[in-house]
Amino acid sequence: MTGTHTIVLPGGGYAEHAAHEAEPVVDWLGDIGVRASVFRYPLRARHPEPLNALRAEIRRRRAAGAQRIGLIGFSAGGHLAGLAALAPGAPPDEAVDFAVLGYAITSMETETYRPARVILLGEDAGPELRRSTSLDSLVTPQSPTFFVWHTAEDPYVPAEHTYRLAAALAAGQVPHAVHVFAHGPHSLGLARNAGEAAIWTTLAKAWIHEQA
């Protein structure tokens, strides 16, 4: 995958960076022939600081020679990846070509996983701010392609988040793949030895190679 660089965004509720969703994911990507790096975005920071930091990292990677940029994000990192891929106003050197989201927070309009929303948007975030940071409201027919996966049993970020984004991608006729596995907790990372959900890396490998 010459010319493609993938940025890994670990989860942690915008309060921490989950270690098992960082370097181990980069190692897996390297094993399947994908250049990748971890980006530790600002924590306990208000929107748009994390988004601006990620966009600066995308610019840096493009300036270093990356022709295509992919993002892989988990939970809150998946939310940030989706924002970078979908939020308006990004110039060409900040564009995202594809995104992989694992059990991502996609909506700031639901009440699920409130702690991350409070950190990012504040206790009293109004409807307009919450909607403008909800991924399903940002999809357009020009949005990049997505691979999204979740488990139906996730107690922290319900699969509703993935269904909302998937419905918006379908309505916008944006190419996408969606996988919801019956069993598994939140924060699976590579999901090794996690039953059926462990297959997500095999599915994602083929999909990522299609994006090269």
# chains A, B, ... in the order shown; residues from 1 in each chain; ligands from 1
$ select_by_dssp --residues "region 23-157 of chain A" --states "helix (DSSP H, G or I)" --output "VMD selection string"
chain A and resid 23 to 31 49 to 63 76 to 86 92 to 94 114 to 121 127 to 132 135 to 137
$ residues_around --residues "Val180 (chain A)" --least-positions-apart "4" --cutoff "7 Å" --atoms "only C-alpha atoms" --output "PyMOL selection string"
chain A and resi 149-152
$ closest_residue --among "A:Leu83, A:Leu51, A:Val100, A:Ala90" --to "Leu71 (chain A)" --atoms "only C-alpha atoms"
A:Val100
$ residues_around --residues "region 132-143 of chain A" --least-positions-apart "2" --cutoff "9 Å" --atoms "only C-alpha atoms" --output "PyMOL selection string"
chain A and resi 47+79+82-83+85-88+96-97+105-109+121+127-130+145-146+161+164-169+171-175
$ closest_residue --among "A:Glu123, A:Ile32, A:Glu94, A:Ala84" --to "Trp207 (chain A)" --atoms "only C-alpha atoms"
A:Ile32
$ select_by_dssp --residues "region 38-177 of chain A" --states "strand (DSSP E)" --output "MDAnalysis selection string"
chainID A and resid 38 68:74 98:102 145:151 176:177
$ write_last_selection --atoms "N, CA, C and O atoms" --output "PDB file, in the first residue's frame"
ATOM      1  N   VAL A  38       0.230   5.703  15.660  1.00  0.00           N
ATOM      2  CA  VAL A  38      -0.751   6.116  16.671  1.00  0.00           C
ATOM      3  C   VAL A  38      -0.719   7.633  16.794  1.00  0.00           C
ATOM      4  O   VAL A  38       0.354   8.246  16.795  1.00  0.00           O
ATOM      5  N   ARG A  68      -2.684   8.940   0.387  1.00  0.00           N
ATOM      6  CA  ARG A  68      -3.997   8.583   0.901  1.00  0.00           C
ATOM      7  C   ARG A  68      -3.901   8.438   2.412  1.00  0.00           C
ATOM      8  O   ARG A  68      -2.925   7.890   2.920  1.00  0.00           O
ATOM      9  N   ILE A  69      -4.916   8.931   3.099  1.00  0.00           N
ATOM     10  CA  ILE A  69      -4.951   8.871   4.557  1.00  0.00           C
ATOM     11  C   ILE A  69      -6.156   8.057   5.002  1.00  0.00           C
ATOM     12  O   ILE A  69      -7.297   8.326   4.621  1.00  0.00           O
ATOM     13  N   GLY A  70      -5.882   7.042   5.820  1.00  0.00           N
ATOM     14  CA  GLY A  70      -6.948   6.292   6.459  1.00  0.00           C
ATOM     15  C   GLY A  70      -6.912   6.510   7.957  1.00  0.00           C
ATOM     16  O   GLY A  70      -5.859   6.820   8.526  1.00  0.00           O
ATOM     17  N   LEU A  71      -8.047   6.379   8.599  1.00  0.00           N
ATOM     18  CA  LEU A  71      -8.145   6.504  10.048  1.00  0.00           C
ATOM     19  C   LEU A  71      -8.764   5.234  10.613  1.00  0.00           C
ATOM     20  O   LEU A  71      -9.702   4.687  10.034  1.00  0.00           O
ATOM     21  N   ILE A  72      -8.230   4.762  11.729  1.00  0.00           N
ATOM     22  CA  ILE A  72      -8.857   3.675  12.478  1.00  0.00           C
ATOM     23  C   ILE A  72      -9.054   4.163  13.904  1.00  0.00           C
ATOM     24  O   ILE A  72      -8.083   4.481  14.598  1.00  0.00           O
ATOM     25  N   GLY A  73     -10.302   4.244  14.338  1.00  0.00           N
ATOM     26  CA  GLY A  73     -10.597   4.752  15.665  1.00  0.00           C
ATOM     27  C   GLY A  73     -11.522   3.843  16.436  1.00  0.00           C
ATOM     28  O   GLY A  73     -12.396   3.181  15.856  1.00  0.00           O
ATOM     29  N   PHE A  74     -11.346   3.821  17.751  1.00  0.00           N
ATOM     30  CA  PHE A  74     -12.141   2.989  18.641  1.00  0.00           C
ATOM     31  C   PHE A  74     -12.866   3.874  19.652  1.00  0.00           C
ATOM     32  O   PHE A  74     -12.260   4.780  20.233  1.00  0.00           O
ATOM     33  N   PHE A  98     -10.475   7.112   3.852  1.00  0.00           N
ATOM     34  CA  PHE A  98     -11.299   6.014   4.361  1.00  0.00           C
ATOM     35  C   PHE A  98     -11.170   5.967   5.874  1.00  0.00           C
ATOM     36  O   PHE A  98     -10.196   6.469   6.444  1.00  0.00           O
ATOM     37  N   ALA A  99     -12.167   5.374   6.518  1.00  0.00           N
ATOM     38  CA  ALA A  99     -12.160   5.314   7.987  1.00  0.00           C
ATOM     39  C   ALA A  99     -12.725   3.982   8.455  1.00  0.00           C
ATOM     40  O   ALA A  99     -13.699   3.468   7.896  1.00  0.00           O
ATOM     41  N   VAL A 100     -12.097   3.437   9.493  1.00  0.00           N
ATOM     42  CA  VAL A 100     -12.542   2.218  10.161  1.00  0.00           C
ATOM     43  C   VAL A 100     -12.920   2.604  11.589  1.00  0.00           C
ATOM     44  O   VAL A 100     -12.080   3.139  12.328  1.00  0.00           O
ATOM     45  N   LEU A 101     -14.156   2.346  11.971  1.00  0.00           N
ATOM     46  CA  LEU A 101     -14.637   2.718  13.303  1.00  0.00           C
ATOM     47  C   LEU A 101     -15.039   1.470  14.063  1.00  0.00           C
ATOM     48  O   LEU A 101     -15.878   0.691  13.599  1.00  0.00           O
ATOM     49  N   GLY A 102     -14.473   1.284  15.240  1.00  0.00           N
ATOM     50  CA  GLY A 102     -14.833   0.171  16.107  1.00  0.00           C
ATOM     51  C   GLY A 102     -15.614   0.656  17.313  1.00  0.00           C
ATOM     52  O   GLY A 102     -15.133   1.527  18.054  1.00  0.00           O
ATOM     53  N   THR A 145     -15.423   6.575   2.249  1.00  0.00           N
ATOM     54  CA  THR A 145     -15.942   5.249   2.552  1.00  0.00           C
ATOM     55  C   THR A 145     -15.633   4.849   3.998  1.00  0.00           C
ATOM     56  O   THR A 145     -14.609   5.250   4.558  1.00  0.00           O
ATOM     57  N   PHE A 146     -16.525   4.036   4.590  1.00  0.00           N
ATOM     58  CA  PHE A 146     -16.413   3.638   5.994  1.00  0.00           C
ATOM     59  C   PHE A 146     -16.518   2.126   6.145  1.00  0.00           C
ATOM     60  O   PHE A 146     -17.280   1.463   5.439  1.00  0.00           O
ATOM     61  N   PHE A 147     -15.772   1.607   7.120  1.00  0.00           N
ATOM     62  CA  PHE A 147     -15.936   0.250   7.644  1.00  0.00           C
ATOM     63  C   PHE A 147     -16.277   0.422   9.117  1.00  0.00           C
ATOM     64  O   PHE A 147     -15.507   1.022   9.875  1.00  0.00           O
ATOM     65  N   VAL A 148     -17.432  -0.077   9.529  1.00  0.00           N
ATOM     66  CA  VAL A 148     -17.920   0.157  10.894  1.00  0.00           C
ATOM     67  C   VAL A 148     -18.276  -1.189  11.525  1.00  0.00           C
ATOM     68  O   VAL A 148     -18.944  -2.021  10.906  1.00  0.00           O
ATOM     69  N   TRP A 149     -17.805  -1.386  12.774  1.00  0.00           N
ATOM     70  CA  TRP A 149     -18.168  -2.634  13.456  1.00  0.00           C
ATOM     71  C   TRP A 149     -18.491  -2.368  14.921  1.00  0.00           C
ATOM     72  O   TRP A 149     -18.033  -1.380  15.501  1.00  0.00           O
ATOM     73  N   HIS A 150     -19.284  -3.269  15.488  1.00  0.00           N
ATOM     74  CA  HIS A 150     -19.798  -3.077  16.848  1.00  0.00           C
ATOM     75  C   HIS A 150     -20.222  -4.451  17.370  1.00  0.00           C
ATOM     76  O   HIS A 150     -20.240  -5.432  16.622  1.00  0.00           O
ATOM     77  N   THR A 151     -20.555  -4.522  18.648  1.00  0.00           N
ATOM     78  CA  THR A 151     -21.211  -5.715  19.184  1.00  0.00           C
ATOM     79  C   THR A 151     -22.576  -5.312  19.739  1.00  0.00           C
ATOM     80  O   THR A 151     -22.735  -4.236  20.316  1.00  0.00           O
ATOM     81  N   HIS A 176     -19.893   1.707   2.063  1.00  0.00           N
ATOM     82  CA  HIS A 176     -19.597   1.373   3.457  1.00  0.00           C
ATOM     83  C   HIS A 176     -19.790  -0.110   3.696  1.00  0.00           C
ATOM     84  O   HIS A 176     -20.483  -0.796   2.936  1.00  0.00           O
ATOM     85  N   ALA A 177     -19.156  -0.597   4.750  1.00  0.00           N
ATOM     86  CA  ALA A 177     -19.356  -1.956   5.246  1.00  0.00           C
ATOM     87  C   ALA A 177     -19.694  -1.855   6.721  1.00  0.00           C
ATOM     88  O   ALA A 177     -19.073  -1.075   7.451  1.00  0.00           O
TER      89      ALA A 177
END
$ closest_residue --among "A:Thr4, A:Thr162, A:Asn52, A:Thr110" --to "Ser75 (chain A)" --atoms "only C-alpha atoms"
A:Thr162
$ atom_distance --atom1 "CA of Leu80 (chain A)" --atom2 "CA of Ile199 (chain A)"
24.0 Å
$ residues_around --residues "region 183-193 of chain A" --least-positions-apart "5" --cutoff "6 Å" --atoms "only C-alpha atoms" --output "number ranges by chain"
A: 21, 151, 153-154, 198
$ write_last_selection --atoms "N, CA and C atoms" --output "CSV table (one decimal), in the first residue's frame"
chain,number,residue,atom,x,y,z
A,21,GLU,N,-5.6,-0.4,22.3
A,21,GLU,CA,-6.1,0.1,21.0
A,21,GLU,C,-5.2,1.1,20.3
A,151,THR,N,-20.6,-4.5,18.6
A,151,THR,CA,-21.2,-5.7,19.2
A,151,THR,C,-22.6,-5.3,19.7
A,153,GLU,N,-24.0,-6.4,22.2
A,153,GLU,CA,-24.1,-6.5,23.7
A,153,GLU,C,-23.4,-5.3,24.4
A,154,ASP,N,-22.8,-4.4,23.6
A,154,ASP,CA,-22.0,-3.3,24.2
A,154,ASP,C,-22.8,-2.5,25.2
A,198,ALA,N,-13.9,-11.6,16.8
A,198,ALA,CA,-12.4,-11.7,16.4
A,198,ALA,C,-12.3,-11.6,14.9
$ closest_residue --among "A:Gly195, A:Gly122, A:Pro92, A:Gly77" --to "Tyr14 (chain A)" --atoms "only C-alpha atoms"
A:Gly77
$ atom_distance --atom1 "CA of Val34 (chain A)" --atom2 "CA of Thr202 (chain A)"
13.7 Å
$ atom_distance --atom1 "CA of Ser37 (chain A)" --atom2 "CA of Ala56 (chain A)"
14.3 Å
$ closest_residue --among "A:Ala66, A:His20, A:Ile7, A:Arg117" --to "Arg44 (chain A)" --atoms "only C-alpha atoms"
A:Arg117
